[in-house]
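The structure file input37.txt is reproduced below (compact mmCIF, C-alpha atoms and all ligand atoms).
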```txt
# COMPACT_ATOMS: atom_id res chain seq x y z
CA MET A 1 0.00 0.00 0.00
CA LYS A 2 2.76 2.39 1.10
CA LEU A 3 4.88 1.37 -1.89
CA ALA A 4 1.95 2.02 -4.25
CA LEU A 5 1.56 5.50 -2.79
CA ILE A 6 5.27 6.29 -3.20
CA CYS A 7 5.07 5.06 -6.82
CA CYS A 8 2.06 7.30 -7.45
CA ILE A 9 3.84 10.36 -6.04
CA PHE A 10 6.94 9.51 -8.08
CA LEU A 11 4.90 9.19 -11.30
CA LEU A 12 3.06 12.44 -10.55
CA MET A 13 6.34 14.30 -9.91
CA ALA A 14 7.79 12.82 -13.14
CA ALA A 15 4.71 13.91 -15.11
CA LEU A 16 4.85 17.39 -13.62
CA SER A 17 8.55 17.82 -14.24
CA ALA A 18 8.10 16.65 -17.86
CA ARG A 19 5.42 19.33 -18.17
CA ALA A 20 7.72 21.79 -16.41
CA THR A 21 10.20 21.67 -19.26
CA GLU A 22 7.66 23.07 -21.71
CA ASP A 23 5.30 25.05 -19.47
CA PRO A 24 6.75 27.98 -17.46
CA LEU A 25 3.84 27.74 -15.02
CA ALA A 26 4.51 24.06 -14.37
CA LYS A 27 8.11 25.03 -13.62
CA ILE A 28 6.95 27.57 -11.05
CA ALA A 29 4.35 25.23 -9.54
CA THR A 30 6.84 22.39 -9.11
CA ASP A 31 9.44 24.59 -7.43
CA PRO A 32 9.46 23.02 -3.93
CA ARG A 33 8.97 26.43 -2.25
CA CYS A 34 6.01 27.22 -4.46
CA ALA A 35 4.60 23.74 -3.92
CA ARG A 36 4.72 24.42 -0.17
CA GLY A 37 2.62 27.59 -0.66
CA LEU A 38 0.10 25.72 -2.82
CA ALA A 39 -0.08 22.89 -0.28
CA TRP A 40 -0.74 25.44 2.47
CA ILE A 41 -3.71 26.77 0.45
CA GLU A 42 -5.02 23.24 -0.12
CA LYS A 43 -4.98 22.51 3.61
CA ASN A 44 -6.12 25.85 4.99
CA SER A 45 -9.06 27.08 2.98
CA ALA A 46 -11.28 26.67 6.07
CA TRP A 47 -8.95 29.04 7.95
CA VAL A 48 -9.30 31.58 5.11
CA THR A 49 -13.11 31.30 5.37
CA ASP A 50 -12.91 31.86 9.15
CA GLN A 51 -10.95 35.08 8.53
CA GLN A 52 -13.52 36.16 5.94
CA ILE A 53 -16.32 35.75 8.48
CA ARG A 54 -14.36 37.61 11.13
CA LEU A 55 -13.54 40.54 8.82
CA THR A 56 -17.10 40.70 7.40
CA GLU A 57 -18.53 40.97 10.92
CA ILE A 58 -16.51 44.15 11.58
CA PRO A 59 -18.65 46.96 10.09
CA ALA A 60 -16.84 49.03 7.45
CA PRO A 61 -19.18 51.66 5.98
CA GLU A 62 -17.56 54.17 3.63
CA PHE A 63 -15.14 56.46 5.53
CA GLU A 64 -15.25 54.09 8.56
CA GLU A 65 -12.90 51.32 7.51
CA ALA A 66 -10.31 51.71 10.30
CA ARG A 67 -11.43 48.88 12.61
CA ARG A 68 -11.63 46.33 9.84
CA GLY A 69 -8.28 47.61 8.58
CA GLU A 70 -6.67 46.95 11.99
CA ALA A 71 -7.90 43.33 11.94
CA LEU A 72 -6.50 42.83 8.46
CA LYS A 73 -3.20 44.39 9.53
CA GLU A 74 -2.84 41.79 12.29
CA LEU A 75 -3.39 39.01 9.76
CA PHE A 76 -0.75 40.48 7.44
CA ALA A 77 1.72 40.83 10.33
CA ALA A 78 1.16 37.17 11.31
CA GLY A 79 2.13 36.28 7.73
CA GLY A 80 5.57 37.84 8.34
CA PHE A 81 4.96 40.92 6.21
CA HIS A 82 6.20 44.39 7.06
CA VAL A 83 2.93 46.26 7.75
CA ARG A 84 1.85 49.88 8.03
CA THR A 85 -1.22 52.09 7.65
CA ASP A 86 -0.86 55.10 5.36
CA LYS A 87 -2.47 58.48 6.03
CA THR A 88 -5.41 57.67 3.73
CA GLY A 89 -6.24 54.64 5.89
CA ASN A 90 -4.91 51.94 3.55
CA VAL A 91 -3.41 48.91 5.33
CA ILE A 92 -0.23 47.96 3.49
CA ALA A 93 1.87 44.79 3.79
CA GLU A 94 5.20 44.55 1.96
CA ARG A 95 7.43 41.62 1.15
CA ALA A 96 10.62 43.03 -0.28
CA GLY A 97 12.09 41.67 -3.50
CA SER A 98 15.72 41.89 -4.59
CA ASP A 99 14.98 44.59 -7.15
CA PRO A 100 13.70 47.71 -5.37
CA LYS A 101 12.39 49.11 -8.66
CA GLY A 102 9.59 46.59 -9.31
CA VAL A 103 6.37 46.32 -7.30
CA ILE A 104 3.41 43.95 -7.76
CA LEU A 105 0.43 45.39 -5.91
CA LEU A 106 -2.63 43.36 -4.92
CA ALA A 107 -5.41 45.47 -3.44
CA ALA A 108 -8.77 44.52 -1.93
CA HIS A 109 -11.17 47.19 -0.76
CA LEU A 110 -12.06 47.31 2.93
CA ASP A 111 -15.27 49.32 2.65
CA THR A 112 -18.85 48.21 2.04
CA VAL A 113 -21.92 50.03 0.73
CA PHE A 114 -23.82 49.37 3.96
CA PRO A 115 -24.37 52.21 6.43
CA ALA A 116 -23.47 52.04 10.13
CA GLY A 117 -26.03 50.03 12.08
CA THR A 118 -26.55 47.40 9.35
CA ASP A 119 -26.57 43.88 10.83
CA VAL A 120 -23.38 42.35 9.41
CA GLY A 121 -23.56 39.10 11.43
CA VAL A 122 -22.81 36.08 9.22
CA LYS A 123 -25.53 33.43 9.06
CA LYS A 124 -24.58 29.88 8.07
CA ASN A 125 -26.86 27.55 6.19
CA GLY A 126 -24.96 24.48 4.99
CA ASN A 127 -22.09 25.80 2.87
CA ARG A 128 -23.81 29.10 2.33
CA LEU A 129 -22.71 32.13 4.36
CA SER A 130 -25.05 35.12 4.28
CA ALA A 131 -24.17 38.68 5.33
CA PRO A 132 -23.96 42.12 3.75
CA GLY A 133 -20.40 42.46 2.41
CA ILE A 134 -19.50 38.75 2.70
CA SER A 135 -18.68 38.58 -1.03
CA ASP A 136 -18.01 42.24 -1.77
CA ASN A 137 -15.43 42.36 -0.48
CA GLY A 138 -15.01 39.87 2.36
CA VAL A 139 -13.68 37.44 -0.26
CA GLY A 140 -10.98 39.79 -1.49
CA LEU A 141 -9.75 40.63 2.00
CA ALA A 142 -9.68 36.97 3.07
CA ALA A 143 -7.85 36.07 -0.14
CA LEU A 144 -5.11 38.59 0.68
CA ALA A 145 -4.85 37.25 4.25
CA GLY A 146 -4.52 33.72 2.81
CA LEU A 147 -1.95 34.86 0.24
CA ALA A 148 0.15 36.49 2.96
CA ARG A 149 0.28 33.18 4.84
CA ALA A 150 0.85 31.05 1.73
CA LEU A 151 3.72 33.29 0.61
CA SER A 152 5.37 33.19 4.01
CA GLU A 153 4.92 29.37 4.25
CA SER A 154 6.54 29.00 0.83
CA ALA A 155 9.57 31.06 1.97
CA ILE A 156 9.97 31.94 -1.71
CA ARG A 157 12.22 34.90 -2.57
CA THR A 158 11.10 37.09 -5.44
CA THR A 159 12.75 39.65 -7.65
CA LYS A 160 9.95 42.17 -7.39
CA THR A 161 8.44 43.43 -4.15
CA ILE A 162 4.99 42.02 -3.37
CA VAL A 163 2.58 44.50 -1.77
CA LEU A 164 -0.78 43.42 -0.36
CA ALA A 165 -3.16 46.24 0.56
CA GLY A 166 -6.57 46.58 2.13
CA ASP A 167 -7.63 49.90 0.65
CA VAL A 168 -10.30 52.42 1.58
CA GLY A 169 -12.89 54.31 -0.44
CA GLU A 170 -13.80 51.96 -3.29
CA GLU A 171 -17.55 52.06 -2.74
CA GLY A 172 -20.12 54.87 -2.60
CA GLU A 173 -18.59 58.30 -2.32
CA GLY A 174 -15.07 57.11 -1.52
CA ASN A 175 -14.07 58.06 -5.07
CA LEU A 176 -11.29 55.43 -5.11
CA ARG A 177 -9.19 57.56 -2.76
CA GLY A 178 -7.45 54.48 -1.33
CA ILE A 179 -6.17 53.08 -4.62
CA ARG A 180 -5.37 56.61 -5.85
CA ALA A 181 -3.05 57.06 -2.85
CA LEU A 182 -1.43 53.63 -3.37
CA VAL A 183 -0.81 54.24 -7.06
CA GLU A 184 0.58 57.70 -6.35
CA GLY A 185 2.75 56.35 -3.53
CA TYR A 186 4.39 53.54 -5.53
CA GLY A 187 4.38 55.57 -8.76
CA CYS A 188 6.53 54.27 -11.56
CA ARG A 189 7.74 51.33 -9.44
CA LEU A 190 4.40 49.61 -10.13
CA ALA A 191 4.87 46.77 -12.60
CA ALA A 192 1.31 45.45 -12.19
CA VAL A 193 -1.78 46.01 -10.08
CA ILE A 194 -4.38 43.34 -9.29
CA ALA A 195 -7.63 44.39 -7.64
CA VAL A 196 -9.07 41.39 -5.81
CA ASP A 197 -12.80 41.98 -5.71
CA GLY A 198 -15.64 39.46 -5.34
CA PRO A 199 -15.43 35.68 -5.63
CA SER A 200 -15.74 34.59 -9.25
CA THR A 201 -12.75 33.05 -11.06
CA ASP A 202 -14.47 32.94 -14.46
CA HIS A 203 -13.28 36.36 -15.60
CA ILE A 204 -10.35 38.74 -15.95
CA THR A 205 -11.48 42.37 -15.73
CA THR A 206 -9.27 44.20 -18.19
CA GLN A 207 -11.39 47.26 -18.86
CA GLY A 208 -12.39 49.93 -16.37
CA ILE A 209 -15.83 51.46 -16.88
CA ALA A 210 -15.91 55.24 -16.47
CA SER A 211 -18.38 56.59 -13.95
CA ARG A 212 -19.59 59.87 -12.51
CA ARG A 213 -21.52 60.25 -9.28
CA LEU A 214 -23.55 63.35 -8.61
CA GLU A 215 -25.92 64.81 -6.10
CA VAL A 216 -28.70 66.97 -7.54
CA SER A 217 -30.54 69.11 -5.00
CA VAL A 218 -33.48 71.49 -5.22
CA SER A 219 -34.18 74.14 -2.54
CA GLY A 220 -37.29 76.29 -2.11
CA PRO A 221 -39.28 78.33 0.39
CA GLY A 222 -40.96 75.35 2.07
CA GLY A 223 -44.09 75.94 4.14
CA HIS A 224 -47.20 74.50 5.75
CA SER A 225 -48.91 71.68 3.89
CA TRP A 226 -52.34 73.37 4.21
CA SER A 227 -51.83 77.09 4.50
CA ASP A 228 -49.00 77.25 1.91
CA PHE A 229 -50.48 74.69 -0.46
CA GLY A 230 -49.58 75.61 -4.01
CA GLU A 231 -45.99 76.67 -3.26
CA PRO A 232 -43.44 74.78 -5.39
CA ASN A 233 -42.26 71.55 -3.80
CA PRO A 234 -38.58 70.45 -4.17
CA ILE A 235 -39.49 66.75 -3.79
CA THR A 236 -42.02 67.00 -6.61
CA ALA A 237 -39.50 68.92 -8.75
CA ILE A 238 -36.88 66.18 -8.24
CA ALA A 239 -39.48 63.49 -9.00
CA ARG A 240 -40.44 65.27 -12.24
CA GLY A 241 -36.76 65.43 -13.21
CA ILE A 242 -36.27 61.72 -12.50
CA VAL A 243 -39.28 60.82 -14.66
CA ARG A 244 -37.96 63.04 -17.49
CA PHE A 245 -34.47 61.48 -17.37
CA SER A 246 -35.88 57.94 -17.17
CA SER A 247 -37.39 58.36 -20.62
CA PHE A 248 -33.92 59.18 -22.02
CA SER A 249 -32.61 56.26 -24.03
CA VAL A 250 -29.31 54.81 -22.90
CA PRO A 251 -27.28 53.04 -25.61
CA GLU A 252 -26.43 49.35 -25.45
CA ASP A 253 -23.22 50.04 -27.33
CA PRO A 254 -21.21 51.57 -25.77
CA ARG A 255 -22.87 49.94 -22.79
CA SER A 256 -24.01 52.64 -20.36
CA SER A 257 -26.16 52.78 -17.24
CA TYR A 258 -27.62 55.08 -14.63
CA ASN A 259 -29.04 54.64 -11.16
CA PHE A 260 -30.92 56.96 -8.82
CA GLY A 261 -29.55 55.45 -5.62
CA ILE A 262 -30.52 57.70 -2.70
CA ILE A 263 -33.32 60.25 -2.45
CA GLU A 264 -33.87 62.44 0.56
CA GLY A 265 -35.58 65.60 1.72
CA GLY A 266 -38.34 66.95 3.90
CA THR A 267 -38.83 67.25 7.64
CA SER A 268 -42.43 66.16 8.30
CA VAL A 269 -45.42 64.77 6.47
CA ASN A 270 -47.36 68.03 6.83
CA SER A 271 -44.60 70.42 5.72
CA ILE A 272 -43.66 71.43 2.20
CA PRO A 273 -39.95 70.58 2.19
CA SER A 274 -37.39 73.35 1.75
CA ARG A 275 -34.89 70.93 0.22
CA SER A 276 -34.71 67.63 -1.60
CA ALA A 277 -31.74 65.79 -3.09
CA VAL A 278 -31.01 62.70 -5.14
CA LYS A 279 -27.73 60.84 -5.70
CA ILE A 280 -27.08 59.38 -9.12
CA ASP A 281 -24.48 56.98 -10.51
CA LEU A 282 -23.78 57.25 -14.26
CA ARG A 283 -21.57 54.71 -16.05
CA SER A 284 -20.35 54.07 -19.55
CA GLU A 285 -17.70 52.18 -21.47
CA ASN A 286 -17.05 55.43 -23.29
CA GLU A 287 -16.15 58.82 -21.77
CA THR A 288 -17.93 60.80 -24.53
CA GLU A 289 -21.14 58.87 -23.96
CA LEU A 290 -20.76 59.47 -20.22
CA GLY A 291 -20.55 63.21 -20.90
CA ARG A 292 -23.71 62.97 -23.02
CA LEU A 293 -25.50 61.15 -20.17
CA GLU A 294 -24.52 63.84 -17.68
CA THR A 295 -25.69 66.62 -20.02
CA ALA A 296 -29.02 64.83 -20.46
CA LEU A 297 -29.35 64.38 -16.72
CA ARG A 298 -28.77 68.09 -16.07
CA GLU A 299 -31.31 69.02 -18.77
CA ALA A 300 -33.89 66.62 -17.33
CA MET A 301 -33.48 67.95 -13.80
CA ARG A 302 -33.71 71.54 -15.07
CA GLY A 303 -36.87 70.54 -16.95
CA GLY A 304 -38.28 68.94 -13.80
CA VAL A 305 -37.80 72.19 -11.87
CA GLN A 306 -39.42 74.15 -14.74
CA ASP A 307 -42.40 71.76 -14.77
CA GLU A 308 -42.90 72.27 -11.03
CA LEU A 309 -42.62 76.07 -11.33
CA SER A 310 -45.15 76.14 -14.20
CA ALA A 311 -47.56 73.84 -12.37
CA THR A 312 -47.53 76.07 -9.30
CA HIS A 313 -47.33 79.40 -11.22
CA ALA A 314 -44.32 80.25 -9.08
CA PRO A 315 -41.69 82.85 -10.09
CA SER A 316 -38.64 81.47 -11.89
CA ASP A 317 -36.36 81.98 -8.88
CA ALA A 318 -38.64 80.19 -6.38
CA LEU A 319 -36.63 76.96 -6.67
CA GLN A 320 -32.85 76.65 -6.82
CA LEU A 321 -31.16 73.75 -8.54
CA ASN A 322 -27.67 72.63 -7.46
CA TYR A 323 -25.22 69.96 -8.58
CA ARG A 324 -22.45 68.46 -6.49
CA SER A 325 -19.90 65.98 -7.81
CA LEU A 326 -19.51 62.93 -5.58
CA GLY A 327 -16.65 61.54 -7.64
CA ALA A 328 -15.53 60.46 -11.06
CA ARG A 329 -13.80 57.28 -12.13
CA PRO A 330 -11.69 57.40 -15.25
CA ALA A 331 -11.92 54.69 -17.91
CA GLY A 332 -8.98 52.56 -18.97
CA LYS A 333 -8.16 49.37 -20.83
CA LEU A 334 -5.39 46.81 -20.57
CA PRO A 335 -3.94 46.15 -24.04
CA ASP A 336 -4.75 42.67 -25.38
CA ASP A 337 -1.04 41.93 -25.80
CA SER A 338 -0.15 42.93 -22.24
CA PRO A 339 2.34 40.57 -20.50
CA LEU A 340 0.13 40.77 -17.39
CA LEU A 341 -2.81 39.32 -19.33
CA ALA A 342 -0.55 36.67 -20.89
CA THR A 343 0.63 35.62 -17.41
CA ILE A 344 -2.91 35.24 -16.07
CA ARG A 345 -3.94 33.32 -19.18
CA ASN A 346 -0.97 30.98 -18.68
CA VAL A 347 -2.04 30.44 -15.07
CA ASP A 348 -5.61 29.74 -16.18
CA ARG A 349 -4.40 27.30 -18.82
CA PHE A 350 -2.20 25.54 -16.27
CA MET A 351 -5.06 25.34 -13.76
CA GLU A 352 -7.58 24.41 -16.46
CA ASN A 353 -9.67 27.41 -15.39
CA ARG A 354 -11.88 28.92 -18.08
CA SER A 355 -12.10 32.69 -17.97
CA ARG A 356 -13.36 35.49 -20.18
CA LEU A 357 -12.41 39.15 -20.41
CA GLU A 358 -14.73 41.52 -18.62
CA ARG A 359 -15.45 45.23 -18.11
CA SER A 360 -16.26 46.63 -14.72
CA SER A 361 -15.73 49.58 -12.40
CA THR A 362 -13.16 48.65 -9.76
CA ASP A 363 -9.95 49.80 -8.11
CA ALA A 364 -8.21 48.77 -11.36
CA ASN A 365 -9.72 51.84 -13.08
CA ILE A 366 -7.10 54.13 -11.56
CA PRO A 367 -3.91 52.31 -12.66
CA LEU A 368 -5.52 51.46 -16.04
CA SER A 369 -6.33 55.13 -16.65
CA LEU A 370 -2.65 55.94 -16.05
CA GLY A 371 -1.36 53.23 -18.39
CA ILE A 372 -0.20 50.95 -15.55
CA PRO A 373 -0.97 47.26 -16.30
CA ALA A 374 -3.90 46.28 -14.10
CA VAL A 375 -6.76 43.80 -13.84
CA ALA A 376 -9.42 42.81 -11.34
CA LEU A 377 -9.73 39.15 -10.36
CA GLY A 378 -12.00 37.23 -8.01
CA GLY A 379 -10.77 35.62 -4.81
CA GLY A 380 -12.44 32.20 -5.32
CA GLY A 381 -15.68 30.44 -4.36
CA LYS A 382 -19.18 31.50 -5.40
CA GLY A 383 -21.44 34.34 -4.35
CA ALA A 384 -24.17 36.74 -5.39
CA GLY A 385 -26.41 39.54 -4.20
CA SER A 386 -23.65 42.11 -3.72
CA HIS A 387 -24.84 45.56 -2.57
CA THR A 388 -28.04 43.97 -1.17
CA LEU A 389 -28.91 42.67 2.29
CA ASP A 390 -29.33 39.19 0.75
CA GLU A 391 -25.68 38.90 -0.22
CA TRP A 392 -24.24 35.38 0.16
CA TYR A 393 -21.04 33.42 -0.36
CA ASP A 394 -20.20 29.73 -0.74
CA PRO A 395 -16.52 28.87 -0.18
CA THR A 396 -16.73 25.59 -2.14
CA GLY A 397 -13.76 25.56 -4.53
CA ARG A 398 -12.14 28.69 -3.12
CA GLU A 399 -8.73 26.96 -3.35
CA LEU A 400 -8.84 27.50 -7.13
CA GLY A 401 -9.10 31.27 -6.70
CA LEU A 402 -6.36 31.37 -4.06
CA LYS A 403 -3.96 29.20 -6.09
CA ARG A 404 -4.69 31.25 -9.19
CA LEU A 405 -3.73 34.44 -7.32
CA PHE A 406 -0.71 32.78 -5.72
CA LEU A 407 0.70 31.50 -9.02
CA THR A 408 -0.05 34.80 -10.76
CA VAL A 409 1.74 36.85 -8.13
CA VAL A 410 4.78 34.52 -8.03
CA ALA A 411 4.97 34.46 -11.84
CA LEU A 412 4.77 38.26 -11.97
CA ALA A 413 7.18 38.88 -9.11
CA GLY A 414 9.68 36.33 -10.42
CA ALA A 415 10.91 33.49 -8.17
CA GLU A 416 14.64 33.66 -7.46
ZN ZN B 501 -16.24 45.36 -4.51
```

Write the structure described by the file as structure tokens, please.
Amino acid sequence: MKLALICCIFLLMAALSARATEDPLAKIATDPRCARGLAWIEKNSAWVTDQQIRLTEIPAPEFEEARRGEALKELFAAGGFHVRTDKTGNVIAERAGSDPKGVILLAAHLDTVFPAGTDVGVKKNGNRLSAPGISDNGVGLAALAGLARALSESAIRTTKTIVLAGDVGEEGEGNLRGIRALVEGYGCRLAAVIAVDGPSTDHITTQGIASRRLEVSVSGPGGHSWSDFGEPNPITAIARGIVRFSSFSVPEDPRSSYNFGIIEGGTSVNSIPSRSAVKIDLRSENETELGRLETALREAMRGGVQDELSATHAPSDALQLNYRSLGARPAGKLPDDSPLLATIRNVDRFMENRSRLERSSTDANIPLSLGIPAVALGGGGKGAGSHTLDEWYDPTGRELGLKRLFLTVVALAGAE
């Protein structure tokens, strides 16, 4: 029995080393140090899931990521990395390479879209874990914690420096301030950036969708619901504007979208509000189209205010319309012949993982817009319902995502 097992291992090693001669990835994977890292992943995916649950249960609304960041920092430090928090709030772990000029950055965002007070307790039902933020981006954070441990277990030395970062401000109104600071900080030393976001391993995000986020507000005199009836109402004006814009046709190519995400205003049911506001997210694959969308939005909101003024026979200055930018994400695209893309495709081929190219709006937008090679990849497992309270995650098969990231980062950083 024991002899049969030894024979099997011998045959497997022989097959792998034969493959190693032709496939650069097989060569990396069979390096004993790398094999140790991969074996660590194989054995410890339950530990990675435990960290994901722990991190998800620490609330991290936009601009309040510090506590979750501290927990991630401890995990990085336990992996033997040199850790620090920058002034933006990013948690950064570095593993120095022999060449100080090259940096491979992997970043996962710490923040969620859920406001303070949201129940972020993780509920288990079989393999399924449910909680707001469990997939977006509990997976990415846990993947980085797992990578830190796998890299330190492997004791592999690399040419380029590997940087793992939990970054702030990816969601909502954060305006990508975390990744902006990281990219500015490492500057031209960055050889590649990988945003680890969400679970799925079936894609490589190579194109960053441009977006603009705005707040449109309308102010007026307000008043009593009975005695001032007939005065222009800012909520009604905003509603008229939304209806006008909703009839605007959005092209399928270039793919574009809009969302009225938050609406607010008013103080009581029997008062005419003195202010109302709505927050809108506009996206497009094309910057020109995005500009057209914003122009149409402004026209529609202006029209909505006009409609309300005409309906109430109010003077033209009775309502004031204001716009406030909540952030803009630049577009960018990784060239099809990029060595970064070739490396990930080699890894996918080696791991027999099927993946397609995808477009999305992620941390990768910033480096891509500056011409720095960047992609977004998933951390492994399955999940859905992101940005809703029904978000869930299933860690089955997460090893694939972790090994894919591990091999990609070692291939990019260069094993010595
Ligand atoms: Zn995300």

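Here atom CA of Val196 of chain A is placed at a distance of 12.4 Å from atom CA of Gly146 of chain A.
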
For Gly261 of chain A: contacts at 8 Å, all atoms listed in the file, fewer than 5 positions along chain excluded, given as an MDAnalysis selection string = chainID A and resid 278:281

Please produce a file of those selected residues containing C-alpha atoms, as a short mmCIF file (atom, residue, chain, number, x, y, z; two decimals), keeping the file's coordinate frame.
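Output contents, as saved in out_9.cif:
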```
data_model
loop_
_atom_site.label_atom_id
_atom_site.label_comp_id
_atom_site.auth_asym_id
_atom_site.auth_seq_id
_atom_site.Cartn_x
_atom_site.Cartn_y
_atom_site.Cartn_z
CA VAL A 278 -31.01 62.70 -5.14
CA LYS A 279 -27.73 60.84 -5.70
CA ILE A 280 -27.08 59.38 -9.12
CA ASP A 281 -24.48 56.98 -10.51
#
```

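Across the model, the gap from atom CA of Leu297 of chain A to atom CA of Gly241 of chain A is 8.3 Å.
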
key: Selection within 9 Å of ligand ZN 501 (chain B) by all atoms listed in the file, output as a ChimeraX atom specification   = /A:108-112,133,135-138,140,170-171,196-198,361-363,386-387

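Compared by their closest atoms to Leu334 of chain A, and using only C-alpha atoms, the residues A:Leu400, A:Ala96, A:Ala374, A:Leu129 rank with A:Ala374 nearest.
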
key: Long-range neighbours of segment 209-223 of chain A as a ChimeraX atom specification, 8 Å cut-off, all atoms listed in the file, 2 positions minimum in chain   = /A:173,207,225,227-229,231-235,237-238,271-287,290,301,305,318-332,359-361,365

request  = Kindly give the distance, in Å, that separates atom CA of Asp31 of chain A and atom CA of Gly378 of chain A, rounded to a single decimal.
outcome  =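 Interatomic distance, atom CA of Asp31 of chain A to atom CA of Gly378 of chain A: 24.9 Å.
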
key: Within 8 Å of segment 86-88 of chain A using all atoms listed in the file, minus same-chain residues under 5 positions, as a PyMOL selection string   = chain A and resi 168+177-178+181

Just-selected residues, C-alpha atoms written as a CSV table (one decimal), in the coordinates of the input:
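Heads up, here's the output in again.csv:
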```csv
chain,number,residue,atom,x,y,z
A,168,VAL,CA,-10.3,52.4,1.6
A,177,ARG,CA,-9.2,57.6,-2.8
A,178,GLY,CA,-7.4,54.5,-1.3
A,181,ALA,CA,-3.0,57.1,-2.8
```

ask   = Which protein, DNA or RNA residues are at most 7 Å from (9.2, 47.4, -7.3) in the file's coordinates when you count all atoms listed in the file, listed as a PyMOL selection string?
value = chain A and resi 99-104+160-161+189-191

Got a sec: who's within 7 Å of Gly414 of chain A, counting only C-alpha atoms, leaving out chain neighbours fewer than 3 positions off, as a PDB file with C-alpha atoms, keeping the file's coordinate frame?
```pdb
ATOM      1  CA  THR A 158      11.100  37.090  -5.440  1.00  0.00           C
ATOM      2  CA  THR A 159      12.750  39.650  -7.650  1.00  0.00           C
ATOM      3  CA  LYS A 160       9.950  42.170  -7.390  1.00  0.00           C
ATOM      4  CA  VAL A 410       4.780  34.520  -8.030  1.00  0.00           C
ATOM      5  CA  ALA A 411       4.970  34.460 -11.840  1.00  0.00           C
TER       6      ALA A 411
END
```

inquiry  = When you count all atoms listed in the file, which of these residues is closest to Leu176 of chain A: A:Pro367, A:Pro24, A:Pro115, A:Gly381?
reply    = A:Pro367

query = Which is closer to Ala376 of chain A than all the others in A:Glu399, A:Asp253, A:Asp394, A:Asp202, using all atoms listed in the file?
reply =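 Closest candidate: A:Asp202.
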
task = Check the smallest atom-to-atom distance from each of A:Ala143, A:Ala239, A:Ile58, A:Val183 to Ala131 of chain A using only C-alpha atoms, then report the winner.
result = A:Ile58
